[in-house]
Amino acid sequence: MSLPHAILTALLEKPSSGLELTRRFDRSIGYFWSATHQQIYRELGKLDAEGLIRALPSEQPARGQKKAYEVLPAGRAELARWTAASQDPKPHRDAMLLRLRAAAVVGTAGLEDDLRRHRELHERQLGEYREIERRDFPPGKDGREDRLRHLVLRAGIDLETFWTQWLDRALAEFARLPDADQPERPGARDT
């Protein structure tokens, strides 16, 4: 996914100013595609220059007034083209997994506490997703758009469920390690 396509999606859902977009990213799209406020504003300028969006006419033009943007037909066509295009999954990169691999050779000092912290963060995010699901997707809300948005939210719920369960497993394994602060003997395992 790319930021321009995330912005086009958000603007098709609701024409917005840059500030409104950044707030919407913080509350929804940002859960699975994050962007800084500066990135969003920079991308709005590019999309406008490419003729994919335009600033809505202002009733009272004033210096410093926020511009609201809408998607033009070329922007809708680009988003439809991108949505229909085939894309391969991206390899998963996670620093915690790399840190665990490194711990096998340099020791685990401090890592167990961070695993616990990650567990709490994932549990909190899972709770937030479940609250959004309860609030925004009650039984019977099953229109096409709602079902697709719910599917995205379910991916977040399932990922957070995976991470909390995996971190529980990792912490249980840490509890069974013979000496958690010492690296394994060199050559003991090459996997």
# chains A, B, ... in the order shown; residues from 1 in each chain; ligands from 1
$ residues_around --residues "Gln125 of chain A" --least-positions-apart "6" --cutoff "12 Å" --atoms "only C-alpha atoms" --output "number ranges by chain"
A: 31-32, 118-119, 131-132, 153, 156-161, 163-164
$ residues_around --residues "Arg99 of chain A" --least-positions-apart "3" --cutoff "12 Å" --atoms "only C-alpha atoms" --output "short mmCIF file (atom, residue, chain, number, x, y, z; two decimals) with all heavy atoms, in the first residue's frame"
data_model
loop_
_atom_site.label_atom_id
_atom_site.label_comp_id
_atom_site.auth_asym_id
_atom_site.auth_seq_id
_atom_site.Cartn_x
_atom_site.Cartn_y
_atom_site.Cartn_z
N ARG A 93 8.87 -7.87 8.69
CA ARG A 93 10.07 -7.42 9.38
C ARG A 93 9.65 -6.97 10.77
O ARG A 93 8.78 -6.12 10.90
CB ARG A 93 10.72 -6.26 8.64
CG ARG A 93 11.29 -6.64 7.31
CD ARG A 93 11.75 -5.45 6.52
NE ARG A 93 12.54 -4.53 7.33
CZ ARG A 93 13.20 -3.50 6.86
NH1 ARG A 93 13.17 -3.23 5.59
NH2 ARG A 93 13.89 -2.71 7.65
N ASP A 94 10.27 -7.54 11.79
CA ASP A 94 9.94 -7.15 13.15
C ASP A 94 11.21 -7.16 13.98
O ASP A 94 11.88 -8.19 14.09
CB ASP A 94 8.90 -8.12 13.73
CG ASP A 94 8.36 -7.62 15.05
OD1 ASP A 94 9.11 -7.67 16.05
OD2 ASP A 94 7.21 -7.17 15.09
N ALA A 95 11.53 -6.02 14.55
CA ALA A 95 12.76 -5.89 15.33
C ALA A 95 12.78 -6.85 16.53
O ALA A 95 13.84 -7.35 16.92
CB ALA A 95 12.96 -4.45 15.78
N MET A 96 11.62 -7.11 17.14
CA MET A 96 11.59 -8.00 18.30
C MET A 96 12.06 -9.40 17.91
O MET A 96 12.80 -10.04 18.65
CB MET A 96 10.19 -8.06 18.91
CG MET A 96 10.07 -9.01 20.09
SD MET A 96 11.21 -8.62 21.46
CE MET A 96 10.35 -7.26 22.21
N ALA A 102 19.18 -12.43 18.09
CA ALA A 102 20.45 -11.91 18.59
C ALA A 102 20.69 -12.34 20.04
O ALA A 102 21.83 -12.61 20.44
CB ALA A 102 20.48 -10.40 18.48
N ALA A 103 19.61 -12.44 20.82
CA ALA A 103 19.75 -12.83 22.22
C ALA A 103 20.35 -14.22 22.36
O ALA A 103 21.02 -14.52 23.36
CB ALA A 103 18.39 -12.78 22.92
N ALA A 104 20.16 -15.06 21.37
CA ALA A 104 20.74 -16.41 21.42
C ALA A 104 22.26 -16.35 21.45
O ALA A 104 22.89 -17.26 21.98
CB ALA A 104 20.26 -17.23 20.22
N VAL A 105 22.85 -15.29 20.93
CA VAL A 105 24.31 -15.20 20.91
C VAL A 105 24.89 -14.16 21.84
O VAL A 105 26.07 -14.23 22.18
CB VAL A 105 24.84 -14.97 19.46
CG1 VAL A 105 24.57 -16.19 18.60
CG2 VAL A 105 24.25 -13.73 18.84
N VAL A 106 24.08 -13.19 22.30
CA VAL A 106 24.65 -12.16 23.20
C VAL A 106 23.99 -12.14 24.57
O VAL A 106 24.40 -11.37 25.43
CB VAL A 106 24.57 -10.75 22.56
CG1 VAL A 106 25.37 -10.68 21.29
CG2 VAL A 106 23.14 -10.29 22.36
N GLY A 107 22.98 -12.94 24.79
CA GLY A 107 22.30 -12.96 26.08
C GLY A 107 20.99 -12.19 26.03
O GLY A 107 20.75 -11.41 25.12
N THR A 108 20.18 -12.42 27.04
CA THR A 108 18.81 -11.90 27.03
C THR A 108 18.58 -10.75 28.00
O THR A 108 17.43 -10.39 28.25
CB THR A 108 17.83 -13.04 27.36
OG1 THR A 108 18.16 -13.54 28.65
CG2 THR A 108 17.87 -14.13 26.31
N ALA A 109 19.61 -10.16 28.54
CA ALA A 109 19.44 -9.10 29.54
C ALA A 109 18.49 -8.02 29.03
O ALA A 109 18.66 -7.49 27.94
CB ALA A 109 20.79 -8.49 29.88
N GLY A 110 17.46 -7.75 29.83
CA GLY A 110 16.50 -6.70 29.51
C GLY A 110 15.40 -7.10 28.55
O GLY A 110 14.39 -6.40 28.44
N LEU A 111 15.58 -8.19 27.85
CA LEU A 111 14.62 -8.56 26.82
C LEU A 111 13.29 -9.06 27.39
O LEU A 111 12.23 -8.74 26.84
CB LEU A 111 15.24 -9.62 25.90
CG LEU A 111 14.54 -9.90 24.59
CD1 LEU A 111 14.29 -8.63 23.80
CD2 LEU A 111 15.36 -10.87 23.76
N GLU A 112 13.33 -9.78 28.48
CA GLU A 112 12.08 -10.29 29.05
C GLU A 112 11.16 -9.15 29.47
O GLU A 112 9.95 -9.20 29.23
CB GLU A 112 12.37 -11.21 30.24
CG GLU A 112 11.13 -11.87 30.78
CD GLU A 112 11.43 -12.92 31.84
OE1 GLU A 112 12.61 -13.11 32.20
OE2 GLU A 112 10.46 -13.55 32.30
N ASP A 114 11.01 -6.24 28.13
CA ASP A 114 10.46 -5.63 26.92
C ASP A 114 9.40 -6.53 26.29
O ASP A 114 8.43 -6.04 25.72
CB ASP A 114 11.56 -5.28 25.92
CG ASP A 114 11.15 -4.14 25.00
OD1 ASP A 114 10.42 -3.23 25.46
OD2 ASP A 114 11.56 -4.15 23.83
N LEU A 115 9.57 -7.84 26.39
CA LEU A 115 8.53 -8.75 25.93
C LEU A 115 7.24 -8.52 26.71
O LEU A 115 6.15 -8.49 26.12
CB LEU A 115 8.97 -10.21 26.08
CG LEU A 115 10.00 -10.73 25.08
CD1 LEU A 115 10.53 -12.09 25.53
CD2 LEU A 115 9.39 -10.84 23.69
#
$ select_by_dssp --residues "chain A" --states "strand (DSSP E)" --output "list in words"
Ser16, Ser17, Ile53, Arg54, Ala55, Ala68, Tyr69, Glu70 and Val71 of chain A
$ write_last_selection --atoms "N, CA and C atoms" --output "mmCIF file, in the first residue's frame"
data_model
loop_
_atom_site.group_PDB
_atom_site.id
_atom_site.type_symbol
_atom_site.label_atom_id
_atom_site.label_comp_id
_atom_site.auth_asym_id
_atom_site.auth_seq_id
_atom_site.Cartn_x
_atom_site.Cartn_y
_atom_site.Cartn_z
ATOM 1 N N SER A 16 -11.895 16.223 2.767
ATOM 2 C CA SER A 16 -11.354 16.696 4.034
ATOM 3 C C SER A 16 -10.222 17.669 3.814
ATOM 4 N N SER A 17 -9.939 18.435 4.848
ATOM 5 C CA SER A 17 -8.742 19.273 4.861
ATOM 6 C C SER A 17 -7.563 18.398 5.278
ATOM 7 N N ILE A 53 -6.458 15.089 -7.239
ATOM 8 C CA ILE A 53 -7.359 15.720 -6.276
ATOM 9 C C ILE A 53 -7.370 17.215 -6.571
ATOM 10 N N ARG A 54 -8.302 17.915 -5.928
ATOM 11 C CA ARG A 54 -8.295 19.374 -6.029
ATOM 12 C C ARG A 54 -8.804 19.945 -4.720
ATOM 13 N N ALA A 55 -8.367 21.169 -4.463
ATOM 14 C CA ALA A 55 -8.890 21.888 -3.305
ATOM 15 C C ALA A 55 -10.278 22.382 -3.649
ATOM 16 N N ALA A 68 -9.975 22.231 1.931
ATOM 17 C CA ALA A 68 -10.574 20.896 1.892
ATOM 18 C C ALA A 68 -10.346 20.350 0.485
ATOM 19 N N TYR A 69 -10.058 19.049 0.404
ATOM 20 C CA TYR A 69 -9.748 18.413 -0.875
ATOM 21 C C TYR A 69 -10.792 17.376 -1.214
ATOM 22 N N GLU A 70 -10.965 17.178 -2.528
ATOM 23 C CA GLU A 70 -11.810 16.103 -3.022
ATOM 24 C C GLU A 70 -11.066 15.381 -4.136
ATOM 25 N N VAL A 71 -11.473 14.140 -4.389
ATOM 26 C CA VAL A 71 -10.840 13.319 -5.421
ATOM 27 C C VAL A 71 -11.487 13.636 -6.761
#
$ atom_distance --atom1 "atom CA of Thr22 of chain A" --atom2 "atom CA of Ile40 of chain A"
7.0 Å
$ select_by_dssp --residues "chain A" --states "helix (DSSP H, G or I)" --output "ChimeraX atom specification"
/A:3-13,18-27,29-31,37-49,73-84,95-106,111-136,144-176
$ write_last_selection --atoms "C-alpha atoms" --output "compact mmCIF listing (two decimals), in the first residue's frame"
# COMPACT_ATOMS: atom_id res chain seq x y z
CA LEU A 3 0.37 6.75 1.10
CA PRO A 4 -1.15 8.36 -2.03
CA HIS A 5 -3.66 5.51 -2.26
CA ALA A 6 -4.47 5.73 1.45
CA ILE A 7 -5.15 9.45 1.03
CA LEU A 8 -7.28 8.89 -2.08
CA THR A 9 -9.29 6.28 -0.16
CA ALA A 10 -9.83 8.63 2.78
CA LEU A 11 -10.83 11.53 0.53
CA LEU A 12 -13.29 9.39 -1.41
CA GLU A 13 -14.88 8.39 1.86
CA GLY A 18 -5.18 18.19 5.58
CA LEU A 19 -5.80 18.60 9.31
CA GLU A 20 -8.98 16.53 9.16
CA LEU A 21 -7.10 13.86 7.18
CA THR A 22 -4.33 13.63 9.76
CA ARG A 23 -6.93 13.24 12.50
CA ARG A 24 -8.73 10.54 10.52
CA PHE A 25 -5.42 8.75 9.94
CA ASP A 26 -4.81 8.83 13.69
CA ARG A 27 -8.23 7.25 14.31
CA ILE A 29 -6.27 4.24 8.52
CA GLY A 30 -3.28 4.89 10.76
CA TYR A 31 -3.90 1.59 12.51
CA HIS A 37 1.29 14.94 9.37
CA GLN A 38 4.14 16.28 7.22
CA GLN A 39 3.96 13.24 4.92
CA ILE A 40 0.21 13.70 4.48
CA TYR A 41 0.51 17.40 3.64
CA ARG A 42 3.39 16.76 1.23
CA GLU A 43 1.41 14.01 -0.50
CA LEU A 44 -1.67 16.23 -0.79
CA GLY A 45 0.46 18.73 -2.72
CA LYS A 46 1.73 16.00 -5.06
CA LEU A 47 -1.74 14.56 -5.67
CA ASP A 48 -3.06 18.04 -6.41
CA ALA A 49 -0.18 18.74 -8.82
CA PRO A 73 -12.13 11.38 -11.70
CA ALA A 74 -8.44 10.73 -12.50
CA GLY A 75 -7.82 10.05 -8.80
CA ARG A 76 -10.73 7.62 -8.60
CA ALA A 77 -9.43 5.85 -11.72
CA GLU A 78 -5.93 5.61 -10.22
CA LEU A 79 -7.29 4.16 -6.98
CA ALA A 80 -9.42 1.65 -8.93
CA ARG A 81 -6.39 0.67 -11.03
CA TRP A 82 -4.24 0.20 -7.93
CA THR A 83 -6.97 -1.74 -6.09
CA ALA A 84 -7.34 -4.19 -8.99
CA ALA A 95 12.76 -5.89 15.33
CA MET A 96 11.59 -8.00 18.30
CA LEU A 97 12.07 -11.20 16.33
CA LEU A 98 15.54 -10.10 15.27
CA ARG A 99 16.35 -9.15 18.89
CA LEU A 100 15.33 -12.63 20.04
CA ARG A 101 17.60 -14.17 17.43
CA ALA A 102 20.45 -11.91 18.59
CA ALA A 103 19.75 -12.83 22.22
CA ALA A 104 20.74 -16.41 21.42
CA VAL A 105 24.31 -15.20 20.91
CA VAL A 106 24.65 -12.16 23.20
CA LEU A 111 14.62 -8.56 26.82
CA GLU A 112 12.08 -10.29 29.05
CA ASP A 113 10.89 -6.96 30.45
CA ASP A 114 10.46 -5.63 26.92
CA LEU A 115 8.53 -8.75 25.93
CA ARG A 116 6.16 -8.04 28.82
CA ARG A 117 5.84 -4.41 27.71
CA HIS A 118 5.06 -5.53 24.15
CA ARG A 119 2.49 -7.96 25.52
CA GLU A 120 0.75 -5.12 27.36
CA LEU A 121 0.82 -2.88 24.28
CA HIS A 122 -0.67 -5.59 22.06
CA GLU A 123 -3.32 -6.39 24.67
CA ARG A 124 -4.26 -2.70 24.85
CA GLN A 125 -4.48 -2.45 21.05
CA LEU A 126 -6.59 -5.60 20.93
CA GLY A 127 -8.97 -4.06 23.46
CA GLU A 128 -9.21 -0.88 21.39
CA TYR A 129 -9.97 -2.85 18.22
CA ARG A 130 -12.64 -4.87 20.00
CA GLU A 131 -14.23 -1.68 21.29
CA ILE A 132 -14.27 -0.24 17.74
CA GLU A 133 -15.86 -3.46 16.52
CA ARG A 134 -18.52 -3.32 19.23
CA ARG A 135 -19.24 0.35 18.55
CA ASP A 136 -19.01 0.48 14.74
CA ARG A 144 -20.97 -3.88 1.29
CA GLU A 145 -18.79 -1.00 2.56
CA ASP A 146 -19.37 -1.97 6.19
CA ARG A 147 -18.43 -5.59 5.53
CA LEU A 148 -15.17 -4.61 3.82
CA ARG A 149 -14.26 -2.13 6.58
CA HIS A 150 -15.08 -4.77 9.19
CA LEU A 151 -12.84 -7.23 7.37
CA VAL A 152 -9.92 -4.79 7.73
CA LEU A 153 -10.68 -4.38 11.43
CA ARG A 154 -10.87 -8.17 11.84
CA ALA A 155 -7.36 -8.41 10.39
CA GLY A 156 -6.18 -6.07 13.14
CA ILE A 157 -8.02 -8.08 15.80
CA ASP A 158 -6.58 -11.34 14.50
CA LEU A 159 -3.03 -9.92 14.34
CA GLU A 160 -3.22 -8.54 17.88
CA THR A 161 -4.64 -11.87 19.08
CA PHE A 162 -1.72 -13.65 17.40
CA TRP A 163 0.85 -11.32 19.00
CA THR A 164 -0.62 -11.59 22.51
CA GLN A 165 -0.70 -15.39 22.27
CA TRP A 166 2.80 -15.55 20.78
CA LEU A 167 4.19 -13.23 23.47
CA ASP A 168 2.57 -15.43 26.14
CA ARG A 169 4.43 -18.37 24.58
CA ALA A 170 7.69 -16.41 24.42
CA LEU A 171 7.41 -15.37 28.07
CA ALA A 172 6.68 -18.97 29.10
CA GLU A 173 9.80 -20.03 27.19
CA PHE A 174 11.85 -17.35 28.94
CA ALA A 175 10.68 -18.75 32.28
CA ARG A 176 12.12 -22.16 31.28
$ atom_distance --atom1 "atom CA of Lys14 of chain A" --atom2 "atom CA of Ser86 of chain A"
26.3 Å
